[in-house]
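start35.cif (mmCIF, C-alpha atoms)
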data_upload
#
loop_
_atom_site.label_atom_id
_atom_site.label_comp_id
_atom_site.auth_asym_id
_atom_site.auth_seq_id
_atom_site.Cartn_x
_atom_site.Cartn_y
_atom_site.Cartn_z
CA MET A 19 94.89 133.91 99.67
CA LYS A 20 95.86 133.31 103.30
CA ILE A 21 98.93 131.23 103.97
CA SER A 22 99.41 129.87 107.46
CA LYS A 23 103.07 130.77 107.85
CA LYS A 24 105.07 133.68 106.50
CA ILE A 25 108.00 133.37 104.14
CA VAL A 26 111.02 133.04 106.37
CA ASN A 27 113.63 131.23 104.34
CA GLY A 28 115.72 132.22 101.35
CA MET A 29 114.10 129.76 98.96
CA GLY A 30 110.96 131.81 98.31
CA THR A 31 108.70 129.27 100.00
CA THR A 32 107.13 128.95 103.42
CA THR A 33 109.05 127.09 106.09
CA SER A 34 106.26 124.58 106.46
CA ALA A 35 106.16 123.62 102.76
CA LEU A 36 109.93 123.46 102.56
CA HIS A 37 110.08 121.29 105.64
CA ILE A 38 107.51 118.87 104.23
CA ALA A 39 109.43 118.69 100.93
CA LEU A 40 112.72 118.23 102.77
CA ILE A 41 111.40 115.43 104.96
CA ALA A 42 109.72 113.70 101.99
CA VAL A 43 112.77 113.76 99.72
CA LEU A 44 115.21 112.76 102.47
CA THR A 45 112.91 109.92 103.55
CA ALA A 46 112.79 108.73 99.94
CA VAL A 47 116.61 108.92 99.86
CA VAL A 48 116.78 106.70 102.96
CA VAL A 49 114.37 104.21 101.36
CA VAL A 50 116.35 104.11 98.10
CA PHE A 51 119.69 103.76 99.91
CA THR A 52 118.20 100.93 101.96
CA LEU A 53 116.81 99.08 98.95
CA ILE A 54 119.41 99.72 96.27
CA ILE A 55 122.33 97.84 97.81
CA LYS A 56 121.53 94.72 99.80
CA ILE A 57 124.10 92.36 101.28
CA PRO A 58 122.36 89.19 102.51
CA THR A 59 122.93 88.04 106.09
CA PRO A 60 122.63 84.49 107.53
CA THR A 61 119.26 85.37 109.08
CA LYS A 62 117.84 86.19 105.61
CA GLY A 63 117.89 89.84 106.58
CA TYR A 64 120.17 92.20 104.72
CA LEU A 65 122.83 94.80 105.32
CA ASN A 66 122.32 98.08 103.49
CA LEU A 67 123.24 101.74 103.22
CA ALA A 68 120.43 102.95 105.49
CA ASP A 69 122.79 103.96 108.30
CA LEU A 70 124.95 105.82 105.82
CA ALA A 71 121.96 107.86 104.61
CA ILE A 72 120.74 108.49 108.16
CA CYS A 73 124.18 109.61 109.31
CA PHE A 74 124.52 111.88 106.28
CA ILE A 75 121.23 113.51 107.27
CA ALA A 76 122.30 113.71 110.93
CA PHE A 77 125.57 115.46 109.96
CA THR A 78 123.86 117.87 107.56
CA PHE A 79 120.42 118.66 108.99
CA SER A 80 118.67 119.09 112.33
CA PRO A 81 118.11 116.29 114.89
CA LEU A 82 114.35 116.37 114.29
CA THR A 83 114.82 115.92 110.53
CA ALA A 84 117.25 113.06 111.15
CA PHE A 85 114.81 111.42 113.56
CA ILE A 86 111.78 111.62 111.25
CA THR A 87 113.58 110.61 108.05
CA GLY A 88 115.51 107.79 109.74
CA ALA A 89 112.42 106.36 111.37
CA LEU A 90 110.05 106.74 108.45
CA GLY A 91 112.56 105.80 105.74
CA THR A 92 113.71 102.52 107.23
CA GLY A 93 110.17 101.61 108.31
CA LEU A 94 108.88 102.12 104.77
CA ALA A 95 111.88 100.27 103.31
CA ASP A 96 111.10 97.27 105.49
CA ILE A 97 107.48 97.32 104.34
CA LEU A 98 108.47 97.62 100.67
CA SER A 99 111.13 94.92 100.84
CA GLY A 100 108.78 92.30 102.28
CA PHE A 101 109.74 92.47 105.96
CA PRO A 102 106.79 94.50 107.34
CA GLN A 103 107.05 92.80 110.74
CA TRP A 104 110.41 94.56 111.31
CA ALA A 105 109.06 98.02 110.41
CA PRO A 106 108.06 99.11 113.96
CA ILE A 107 111.48 98.11 115.29
CA SER A 108 113.36 99.84 112.46
CA PHE A 109 111.18 102.89 113.04
CA ILE A 110 112.24 103.14 116.67
CA VAL A 111 115.90 102.09 116.33
CA HIS A 112 116.86 104.14 113.28
CA GLY A 113 114.82 107.16 114.41
CA LEU A 114 116.72 107.13 117.68
CA GLU A 115 119.98 106.61 115.82
CA GLY A 116 119.42 109.71 113.65
CA LEU A 117 118.33 111.81 116.63
CA CYS A 118 121.31 110.86 118.83
CA VAL A 119 123.97 111.18 116.12
CA ALA A 120 122.55 114.56 115.05
CA CYS A 121 122.49 115.81 118.66
CA ILE A 122 126.11 114.76 119.19
CA VAL A 123 127.55 116.30 116.02
CA ARG A 124 125.27 119.31 115.85
CA ARG A 125 126.81 122.51 114.44
CA THR A 126 125.32 125.96 113.93
CA LYS A 127 124.60 127.20 110.40
CA GLU A 128 127.47 129.67 110.73
CA GLN A 129 129.87 126.90 111.70
CA MET A 130 128.74 124.86 108.71
CA LYS A 131 129.13 127.86 106.36
CA ASP A 132 132.66 128.42 107.70
CA GLY A 133 133.42 124.82 106.84
CA LEU A 134 134.05 123.93 110.48
CA LYS A 135 134.81 120.23 110.75
CA VAL A 136 133.22 118.03 113.38
CA PRO A 137 135.92 117.16 115.96
CA ALA A 138 137.22 113.60 115.65
CA ILE A 139 136.28 112.87 119.26
CA LYS A 140 132.65 113.71 118.49
CA ILE A 141 132.68 111.45 115.43
CA VAL A 142 134.11 108.56 117.46
CA PHE A 143 131.52 109.17 120.19
CA ALA A 144 128.75 109.33 117.58
CA MET A 145 130.01 106.07 116.08
CA ILE A 146 129.95 104.29 119.45
CA VAL A 147 126.48 105.64 120.27
CA CYS A 148 125.25 104.67 116.81
CA MET A 149 126.60 101.12 117.15
CA VAL A 150 125.12 100.72 120.61
CA ILE A 151 121.69 101.99 119.56
CA VAL A 152 121.44 99.97 116.34
CA THR A 153 122.95 96.75 117.67
CA GLY A 154 121.36 96.93 121.11
CA GLY A 155 118.02 98.07 119.69
CA TYR A 156 117.73 95.24 117.19
CA TYR A 157 119.04 92.73 119.73
CA VAL A 158 116.69 93.66 122.56
CA LEU A 159 113.61 94.55 120.51
CA GLY A 160 114.14 91.62 118.14
CA ALA A 161 114.33 89.18 121.01
CA THR A 162 111.43 90.63 122.98
CA VAL A 163 108.98 92.45 120.70
CA MET A 164 109.56 90.26 117.64
CA SER A 165 109.93 87.23 119.86
CA ILE A 166 112.78 85.71 117.83
CA GLY A 167 114.69 84.76 120.98
CA TRP A 168 118.04 86.01 122.29
CA ALA A 169 120.07 83.47 120.31
CA ALA A 170 118.64 84.36 116.91
CA ALA A 171 118.80 88.07 117.73
CA ALA A 172 122.51 87.69 118.54
CA ALA A 173 123.17 86.45 114.99
CA GLY A 174 122.56 89.95 113.65
CA ILE A 175 125.02 91.71 115.97
CA PRO A 176 128.21 91.61 113.81
CA GLY A 177 126.40 92.89 110.73
CA ASN A 178 124.70 95.69 112.62
CA VAL A 179 127.96 96.78 114.27
CA ALA A 180 129.74 96.98 110.91
CA GLN A 181 126.81 98.69 109.22
CA ALA A 182 126.45 101.35 111.92
CA GLY A 183 130.19 102.01 112.27
CA ILE A 184 130.81 102.36 108.54
CA GLY A 185 127.62 104.41 108.23
CA VAL A 186 128.89 107.14 110.58
CA VAL A 187 132.30 107.48 108.89
CA ILE A 188 131.06 107.48 105.30
CA GLY A 189 128.00 109.55 106.29
CA TYR A 190 130.30 112.30 107.57
CA ALA A 191 132.52 112.18 104.46
CA LEU A 192 129.41 112.30 102.29
CA SER A 193 128.01 115.25 104.23
CA ARG A 194 131.20 117.26 103.65
CA SER A 195 131.36 116.43 99.95
CA VAL A 196 127.66 117.24 99.42
CA ILE A 197 127.99 120.62 101.21
CA LYS A 198 131.01 121.36 99.01
CA ALA A 199 129.23 120.27 95.82
CA TYR A 200 125.90 121.93 96.61
CA PRO A 201 126.31 124.83 99.09
CA PRO A 202 122.58 125.87 99.04
CA VAL A 203 121.94 122.74 101.12
CA GLN A 204 122.77 124.87 104.15
CA GLY A 205 119.70 127.00 103.45
CA LEU A 206 117.39 123.99 103.62
CA LEU A 207 116.67 124.36 107.34
CA MET B 97 111.02 100.50 90.70
CA ASN B 98 107.79 99.08 92.05
CA VAL B 99 106.66 100.71 95.29
CA SER B 100 103.32 98.96 95.49
CA ILE B 101 103.06 95.90 97.71
CA PHE B 102 99.38 95.35 97.07
CA LYS B 103 98.73 91.92 95.54
CA GLN B 104 95.63 91.12 93.59
CA GLY B 105 93.71 88.27 95.18
CA LYS B 106 90.36 87.15 96.50
CA GLY B 107 88.64 86.61 99.80
CA PRO B 108 87.03 88.54 102.64
CA LEU B 109 90.20 90.44 103.56
CA TYR B 110 89.92 92.42 100.31
CA LEU B 111 86.39 93.46 101.20
CA LEU B 112 87.14 94.37 104.78
CA ASP B 113 87.47 98.00 105.87
CA PRO B 114 91.19 98.94 106.10
CA ARG B 115 90.55 100.39 109.59
CA SER B 116 89.18 97.04 110.77
CA LYS B 117 92.16 95.27 109.16
CA VAL B 118 94.60 97.48 111.05
CA MET B 119 92.76 96.72 114.30
CA LEU B 120 92.67 92.99 113.50
CA THR B 121 96.43 92.97 112.87
CA LEU B 122 97.09 94.75 116.15
CA TYR B 123 94.79 92.40 118.10
CA LEU B 124 96.55 89.38 116.60
CA CYS B 125 100.01 90.74 117.44
CA VAL B 126 98.96 91.44 121.02
CA TYR B 127 97.22 88.07 121.41
CA VAL B 128 100.31 85.97 120.57
CA PHE B 129 102.22 87.73 123.37
CA LEU B 130 99.56 87.02 126.00
CA PRO B 131 100.06 84.04 128.35
CA VAL B 132 98.09 81.57 126.22
CA THR B 133 98.58 77.88 125.52
CA PHE B 134 100.98 76.56 122.88
CA ALA B 135 98.08 75.06 120.91
CA SER B 136 96.35 78.42 120.56
CA VAL B 137 99.55 80.15 119.33
CA VAL B 138 99.95 77.37 116.75
CA GLY B 139 96.27 77.73 115.86
CA VAL B 140 96.60 81.47 115.25
CA ALA B 141 99.73 80.94 113.12
CA LEU B 142 98.05 78.23 111.04
CA PHE B 143 94.94 80.39 110.69
CA SER B 144 97.07 83.29 109.37
CA ILE B 145 98.82 80.97 106.91
CA GLY B 146 95.46 79.51 105.82
CA ILE B 147 94.03 82.97 105.19
CA SER B 148 97.16 83.85 103.24
CA LEU B 149 96.87 80.71 101.12
CA TYR B 150 93.24 81.49 100.35
CA SER B 151 93.67 85.23 99.74
CA LEU B 152 97.11 85.53 98.15
CA GLY B 153 97.61 82.07 96.71
CA LYS B 154 100.35 79.46 97.11
CA LYS B 155 103.14 81.40 95.41
CA ASN B 156 102.83 84.57 97.49
CA THR B 157 102.38 82.58 100.71
CA LEU B 158 105.50 80.57 99.91
CA THR B 159 107.42 83.80 99.24
CA ILE B 160 106.46 85.18 102.65
CA TRP B 161 107.31 81.88 104.34
CA LEU B 162 110.67 81.56 102.58
CA SER B 163 111.59 85.11 103.56
CA VAL B 164 111.50 84.15 107.24
CA LEU B 165 112.54 80.49 106.97
CA PRO B 166 116.26 80.98 107.80
CA MET B 167 115.30 83.06 110.82
CA LEU B 168 112.90 80.33 111.96
CA ILE B 169 115.64 77.70 111.60
CA ILE B 170 118.15 79.76 113.58
CA MET B 171 115.55 80.33 116.29
CA LEU B 172 114.76 76.63 116.41
CA ILE B 173 118.43 75.63 116.66
CA PHE B 174 119.74 78.20 119.12
CA SER B 175 116.79 79.21 121.31
CA PRO B 176 116.62 75.86 123.24
CA LEU B 177 120.22 76.46 124.40
CA TYR B 178 118.96 79.37 126.51
CA GLU B 179 116.40 77.17 128.32
CA ARG B 180 118.31 74.29 129.97
CA GLY B 181 115.94 73.59 132.88
CA GLY B 182 113.30 70.87 132.80
CA THR B 183 113.05 67.36 131.38
CA PRO B 184 116.19 66.52 129.34
CA LEU B 185 115.59 65.19 125.82
CA TRP B 186 119.18 65.15 124.57
CA MET B 187 122.41 65.05 126.58
CA TRP B 188 126.04 65.41 125.42
CA GLY B 189 127.96 63.50 128.06
CA THR B 190 126.83 65.11 131.29
CA THR B 191 125.74 68.37 129.60
CA VAL B 192 122.07 68.91 128.89
CA VAL B 193 121.71 70.12 125.29
CA LEU B 194 117.97 70.01 124.75
CA THR B 195 115.08 69.96 127.19
CA LYS B 196 111.37 69.51 126.62
CA GLU B 197 110.65 72.99 127.99
CA GLY B 198 113.39 74.53 125.83
CA LEU B 199 112.01 72.93 122.69
CA LEU B 200 108.48 74.04 123.55
CA GLN B 201 109.65 77.61 124.21
CA SER B 202 111.51 77.63 120.91
CA LEU B 203 108.46 76.39 119.02
CA ILE B 204 106.30 79.06 120.68
CA LEU B 205 108.78 81.73 119.53
CA ASP B 206 108.72 80.32 116.00
CA PHE B 207 104.94 80.23 115.71
CA ARG B 208 104.60 83.65 117.32
CA PHE B 209 107.05 85.10 114.78
CA LEU B 210 105.18 83.38 111.94
CA SER B 211 101.85 84.84 113.15
CA ILE B 212 103.26 88.38 113.30
CA THR B 213 104.92 88.01 109.90
CA PHE B 214 101.80 86.76 108.15
CA ALA B 215 99.54 89.28 109.90
CA TRP B 216 101.57 92.28 108.69
CA SER B 217 102.21 90.80 105.26
CA LEU B 218 98.49 90.15 104.78
CA LEU B 219 97.61 93.68 105.89
CA PHE B 220 99.87 95.30 103.30
CA ALA B 221 99.25 92.74 100.55
CA THR B 222 95.46 93.16 100.73
CA THR B 223 95.26 96.91 101.31
CA LYS B 224 96.06 99.58 98.73
CA MET B 225 98.49 102.18 100.07
CA ASP B 226 96.10 105.11 99.61
CA GLU B 227 93.42 103.25 101.59
CA PHE B 228 95.97 102.40 104.27
CA MET B 229 96.83 106.09 104.52
CA LEU B 230 93.13 106.96 104.80
CA ALA B 231 92.82 104.39 107.58
CA LEU B 232 95.72 106.01 109.43
CA GLN B 233 94.07 109.40 108.93
CA ALA B 234 90.89 107.95 110.42
CA PHE B 235 93.00 107.08 113.47
CA HIS B 236 93.91 110.79 113.66
CA LEU B 237 97.30 110.66 112.00
CA PRO B 238 97.89 114.35 111.05
CA TYR B 239 97.30 115.41 107.46
CA LYS B 240 100.90 116.69 107.26
CA ALA B 241 102.23 113.21 108.04
CA CYS B 242 99.97 111.58 105.44
CA LEU B 243 100.98 114.13 102.81
CA THR B 244 104.66 113.49 103.59
CA ILE B 245 104.26 109.74 103.17
CA SER B 246 102.41 110.25 99.87
CA LEU B 247 105.24 112.48 98.67
CA VAL B 248 107.78 109.85 99.73
CA PHE B 249 106.07 107.23 97.58
CA ARG B 250 105.96 109.73 94.72
CA SER B 251 109.68 110.55 95.09
CA ILE B 252 111.08 107.02 95.45
CA PRO B 253 110.87 106.00 91.75
CA ASP B 254 112.40 109.31 90.59
CA ILE B 255 115.31 109.09 93.02
CA PHE B 256 115.79 105.41 92.20
CA ASP B 257 115.92 106.18 88.45
CA SER B 258 118.31 109.08 88.86
CA PHE B 259 120.48 106.91 91.12
CA ASN B 260 120.71 104.24 88.41
CA ASP B 261 121.45 106.87 85.73
CA ILE B 262 124.25 108.28 87.89
CA ILE B 263 125.72 104.83 88.49
CA ASP B 264 125.69 104.19 84.73
CA SER B 265 127.28 107.53 83.87
CA HIS B 266 130.03 107.02 86.47
CA LYS B 267 130.68 103.57 85.02
CA LEU B 268 131.02 105.11 81.55
CA ARG B 269 133.53 107.64 82.85
CA ARG B 270 135.63 104.88 84.37
CA GLY B 271 135.72 102.97 81.09
CA THR B 272 135.64 99.21 80.76
CA SER B 273 136.01 97.04 83.85
CA THR B 274 139.55 96.21 84.94
CA LYS B 275 141.02 94.00 87.63
CA VAL B 276 141.52 96.99 89.92
CA GLN B 277 137.81 97.85 89.89
CA LYS B 278 136.91 94.40 91.13
CA LYS B 279 138.59 95.01 94.48
CA VAL B 280 136.13 95.83 97.24
CA ARG B 281 138.19 98.82 98.40
CA HIS B 282 138.13 100.40 94.95
CA ARG B 283 134.47 99.64 94.49
CA LEU B 284 133.73 101.39 97.78
CA LYS B 285 135.91 104.32 96.74
CA ASN B 286 134.01 104.56 93.47
CA LEU B 287 130.75 104.59 95.39
CA GLY B 288 131.58 107.99 96.99
CA PRO B 289 131.17 110.20 93.89
CA THR B 290 128.09 108.22 92.86
CA LEU B 291 126.39 108.72 96.21
CA THR B 292 127.37 112.41 96.33
CA SER B 293 125.92 113.02 92.86
CA ALA B 294 122.75 111.11 93.73
CA LEU B 295 122.28 113.12 96.92
CA VAL B 296 122.89 116.45 95.18
CA VAL B 297 120.32 115.59 92.50
CA SER B 298 117.80 114.66 95.21
CA LEU B 299 118.46 117.76 97.31
CA ARG B 300 118.07 120.00 94.26
CA SER B 301 114.52 118.80 93.85
CA ILE B 302 113.49 120.00 97.34
CA PRO B 303 112.88 123.73 96.60
CA THR B 304 110.97 122.80 93.42
CA LEU B 305 108.80 120.37 95.36
CA ALA B 306 108.15 122.99 98.06
CA MET B 307 107.11 125.55 95.47
CA SER B 308 104.83 123.11 93.71
CA LEU B 309 103.22 122.25 97.05
CA GLU B 310 102.42 125.91 97.57
CA ALA B 311 101.22 126.34 94.02
CA ARG B 312 98.71 123.58 94.75
CA GLY B 313 97.47 125.42 97.84
CA TYR B 314 99.45 123.79 100.62
CA GLY B 315 99.37 125.98 103.71
CA LEU B 316 95.90 127.43 103.04
CA LYS B 317 93.68 127.47 106.07
CA THR B 318 90.71 126.02 104.24
CA LYS B 319 90.49 122.26 104.48
CA ARG B 320 91.23 120.48 101.21
CA SER B 321 88.83 118.01 99.63
CA GLN B 322 89.81 114.40 98.97
CA PHE B 323 89.23 112.27 95.94
CA HIS B 324 89.44 108.92 97.73
CA SER B 325 87.48 107.99 100.84
CA LEU B 326 86.60 104.96 102.91
CA ASP B 327 82.87 105.68 102.70
CA SER B 328 82.22 102.60 100.55
CA TYR B 329 83.25 100.39 103.46
CA ARG B 330 80.62 99.83 106.12
CA HIS B 331 80.35 98.72 109.72
CA HIS B 332 83.97 99.46 110.62
CA TYR B 333 83.23 99.82 114.32
CA LEU B 334 81.12 96.65 114.35
CA TYR B 335 83.87 94.57 112.71
CA SER B 336 86.53 95.97 115.03
CA LEU B 337 84.32 95.14 118.02
CA VAL B 338 83.64 91.61 116.74
CA PHE B 339 87.37 90.97 116.25
CA PHE B 340 88.07 92.29 119.72
CA MET B 341 85.41 90.01 121.21
CA ILE B 342 86.83 87.01 119.31
CA PHE B 343 90.32 87.58 120.70
CA VAL B 344 88.99 88.19 124.22
CA THR B 345 87.03 84.91 124.00
CA LEU B 346 90.10 83.08 122.71
CA PHE B 347 92.14 84.48 125.57
CA ILE B 348 89.56 83.35 128.16
CA LEU B 349 89.41 79.89 126.61
CA PHE B 350 93.15 79.34 126.12
CA GLN B 351 94.84 81.31 128.87
CA GLN B 352 97.48 79.43 130.84
#
Rewritten as structure tokens:
Amino acid sequence: MKISKKIVNGMGTTTSALHIALIAVLTAVVVVFTLIIKIPTPTKGYLNLADLAICFIAFTFSPLTAFITGALGTGLADILSGFPQWAPISFIVHGLEGLCVACIVRRTKEQMKDGLKVPAIKIVFAMIVCMVIVTGGYYVLGATVMSIGWAAAAAGIPGNVAQAGIGVVIGYALSRSVIKAYPPVQGLL
Amino acid sequence: MNVSIFKQGKGPLYLLDPRSKVMLTLYLCVYVFLPVTFASVVGVALFSIGISLYSLGKKNTLTIWLSVLPMLIIMLIFSPLYERGGTPLWMWGTTVVLTKEGLLQSLILDFRFLSITFAWSLLFATTKMDEFMLALQAFHLPYKACLTISLVFRSIPDIFDSFNDIIDSHKLRRGTSTKVQKKVRHRLKNLGPTLTSALVVSLRSIPTLAMSLEARGYGLKTKRSQFHSLDSYRHHYLYSLVFFMIFVTLFILFQQ
């Protein structure tokens, strides 16, 4: 039986299979977090915990994982919740959000094992970048690609700012508590 | 938790090849952004709504329409304020509030948004998810990506159920509801342990899922066989070409 990649991780599985499983489960987590708690907005959209889940992934895993799960998870959540027209925009905006936050707060495995905290300045910077990407992304792409106009797109700004800002802070706290509660998470790539 | 958005209905959309439906949706979305007349944008929107009424029925069409209604109202109210040039229709003292061009622009935005909404909703409501995935594979989406999406759909109900179980068990630990628990701050604080537990349960399933993937032959170099296929659908290229020609003709006829 030939397997394409050798066993390289400590879980007794190939990197490729583990990566697929990791991406799938984390994407499902993003979808569930997006759908389970919905706070309605005036534009009949909704605020949710998507940013929280994406930021948790960005603080815990690699930038590529954060990008794929953020993009795919929110895109699928939009499709499942009856807003399929927003899926391409969510895909781009939240994918970029995960990638940028993960790049800013990236730590080595050794640093994570040692329990090294992310410096506050990096968290603040990640929060600002996150807010700019999410708010600006939905504003610009909503007004242009979705053609809802600049005025209607502006209605979503306050909600997106709050959602992204809170997402980074709670995402980081969640990342620390999950690593403490389940240390093998550091072995998952 | 229901992760299927397919709705049982009737009409030609259910018989159409999913690949052609994807192409049709894309053509429609591109067409409404082209410099075409207002009448043709309205026509496309009404056509999409008509197809939805016929295929999905009144109730489902109304659900789709209601989901975007507030957005349409906001667009209609605020968008004209951005376009003040042209023939004034309504003035507040010396200030122009509404112009003919502004109103027209706002209506175009509304109908364009309606067209896009109904096009995507119809695509997902009339196509089963496995067939949609096969259509994406036909457009050369890698097998790895398709497998991941299938696994996501498989994992969502499990994670959702475990999330609800964890919420219930945390509620039991806290006892009966008190005044303190009703405060937003406390509710948020209580959410922390729930989310942590839910994430740990989800993360624990990853190694098991990876092992089961390998046990089922993932990673083998031989190509795996598939149970479902799109072979029963015919003339995909022909339909896609016909749709393309229709939209090109419409563009020639209605371009500004």
- Query: For chain B, which residues have at least one atom within 6 Å of chain A, if we go by only C-alpha atoms? Write them as a list in words, please.
  - Reply: Pro166, Met167, Ile170, Met171, Phe174, Ser175, Leu205, Thr213, Trp216, Thr244, Leu247, Val248, Ile252, Thr292, Ile302, Leu305, Ala306, Gly315 and Leu316 of chain B
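Going from atom CA of Ala180 of chain A to atom CA of Pro106 of chain A covers 22.0 Å.
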- Task: Enumerate, as number ranges by chain, the residues matched when the PyMOL selection byres ((chain B and resi 290) around 12) is run on the file above.
- Result: A: 51, 192, 195-196; B: 258-267, 269-270, 283-289, 291-297
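Considering all atoms listed in the file, the residue among B:Val132, B:Phe214, B:Gly139, B:Lys196 positioned nearest to Thr159 of chain B is B:Phe214.
As for atom CA of Ile255 of chain B and atom CA of Gly189 of chain A, they are spaced 18.4 Å apart.
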- Can you tell me how far atom CA of Leu232 of chain B sits from atom CA of Val118 of chain B, in Å to one decimal? 8.8 Å
- Starting from the displayed file, determine the output of the PyMOL selection byres ((chain B and resi 225) around 9) and express the residue list as a ChimeraX atom specification. /B:100-102,220,223-224,226-230,246
- Item | Contacts of Gly185 of chain A at 10 Å (all atoms listed in the file; same-chain gap of 6+ positions) as a list in words | Asn66, Leu67, Ala68, Asp69, Leu70, Ala71, Ile72, Cys73, Phe74, Met145, Cys148, Met149, Val179 and Ala191 of chain A
- Message: Can you pull out the residues contacting Arg330 of chain B? Cut-off 10 Å, using only C-alpha atoms, and skip same-chain residues under 3 positions away; I want them as an MDAnalysis selection string.
- Response: chainID B and resid 111:113 326:327 333:335
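Residue nearest Glu115 of chain A, chosen from A:Val187, A:Ala138, A:Ile151, A:Leu159 and counting all atoms listed in the file: A:Ile151.
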- Task: Let me know the residues the PyMOL selection byres ((chain A and resi 153) around 9) catches in the file above, as a ChimeraX atom specification.
- Result: /A:111,148-152,154-158,174-179,182
As lines of an AutoDock Vina configuration file, what would the box around segment 34-48 of chain A look like: edges along x, y and z, 3 Å added on every side, centre and edge lengths in Å to one decimal?
center_x = 111.5
center_y = 115.6
center_z = 103.1
size_x = 16.6
size_y = 23.9
size_z = 12.7
Quick one: segment 310-328 of chain B with N, CA and C atoms, as a JSON list (two decimals), in the coordinates of the input?
[["chain", "number", "residue", "atom", "x", "y", "z"],
["B", 310, "GLU", "N", 103.11, 124.64, 97.33],
["B", 310, "GLU", "CA", 102.42, 125.91, 97.57],
["B", 310, "GLU", "C", 101.53, 126.31, 96.40],
["B", 311, "ALA", "N", 102.03, 126.02, 95.21],
["B", 311, "ALA", "CA", 101.22, 126.34, 94.02],
["B", 311, "ALA", "C", 99.91, 125.56, 94.03],
["B", 312, "ARG", "N", 99.93, 124.40, 94.67],
["B", 312, "ARG", "CA", 98.71, 123.58, 94.75],
["B", 312, "ARG", "C", 97.91, 123.89, 96.01],
["B", 313, "GLY", "N", 98.29, 124.94, 96.72],
["B", 313, "GLY", "CA", 97.47, 125.42, 97.84],
["B", 313, "GLY", "C", 97.86, 124.88, 99.20],
["B", 314, "TYR", "N", 99.04, 124.29, 99.30],
["B", 314, "TYR", "CA", 99.45, 123.79, 100.62],
["B", 314, "TYR", "C", 99.68, 124.98, 101.54],
["B", 315, "GLY", "N", 99.19, 124.90, 102.75],
["B", 315, "GLY", "CA", 99.37, 125.98, 103.71],
["B", 315, "GLY", "C", 98.13, 126.85, 103.84],
["B", 316, "LEU", "N", 97.15, 126.68, 102.91],
["B", 316, "LEU", "CA", 95.90, 127.43, 103.04],
["B", 316, "LEU", "C", 95.13, 126.95, 104.26],
["B", 317, "LYS", "N", 94.39, 127.87, 104.86],
["B", 317, "LYS", "CA", 93.68, 127.47, 106.07],
["B", 317, "LYS", "C", 92.43, 126.65, 105.79],
["B", 318, "THR", "N", 91.91, 126.81, 104.57],
["B", 318, "THR", "CA", 90.71, 126.02, 104.24],
["B", 318, "THR", "C", 91.10, 124.55, 104.07],
["B", 319, "LYS", "N", 90.21, 123.68, 104.54],
["B", 319, "LYS", "CA", 90.49, 122.26, 104.48],
["B", 319, "LYS", "C", 90.35, 121.77, 103.05],
["B", 320, "ARG", "N", 91.30, 120.94, 102.59],
["B", 320, "ARG", "CA", 91.23, 120.48, 101.21],
["B", 320, "ARG", "C", 90.29, 119.27, 101.08],
["B", 321, "SER", "N", 89.72, 119.16, 99.88],
["B", 321, "SER", "CA", 88.83, 118.01, 99.63],
["B", 321, "SER", "C", 89.67, 116.80, 99.24],
["B", 322, "GLN", "N", 89.07, 115.61, 99.32],
["B", 322, "GLN", "CA", 89.81, 114.40, 98.97],
["B", 322, "GLN", "C", 89.07, 113.59, 97.93],
["B", 323, "PHE", "N", 89.84, 113.04, 97.01],
["B", 323, "PHE", "CA", 89.23, 112.27, 95.94],
["B", 323, "PHE", "C", 88.83, 110.87, 96.44],
["B", 324, "HIS", "N", 89.72, 110.25, 97.20],
["B", 324, "HIS", "CA", 89.44, 108.92, 97.73],
["B", 324, "HIS", "C", 88.83, 109.01, 99.13],
["B", 325, "SER", "N", 88.00, 108.06, 99.47],
["B", 325, "SER", "CA", 87.48, 107.99, 100.84],
["B", 325, "SER", "C", 87.17, 106.54, 101.19],
["B", 326, "LEU", "N", 86.92, 106.33, 102.46],
["B", 326, "LEU", "CA", 86.60, 104.96, 102.91],
["B", 326, "LEU", "C", 85.10, 104.78, 103.10],
["B", 327, "ASP", "N", 84.32, 105.71, 102.49],
["B", 327, "ASP", "CA", 82.87, 105.68, 102.70],
["B", 327, "ASP", "C", 82.21, 104.40, 102.17],
["B", 328, "SER", "N", 82.85, 103.80, 101.14],
["B", 328, "SER", "CA", 82.22, 102.60, 100.55],
["B", 328, "SER", "C", 82.27, 101.41, 101.50]]
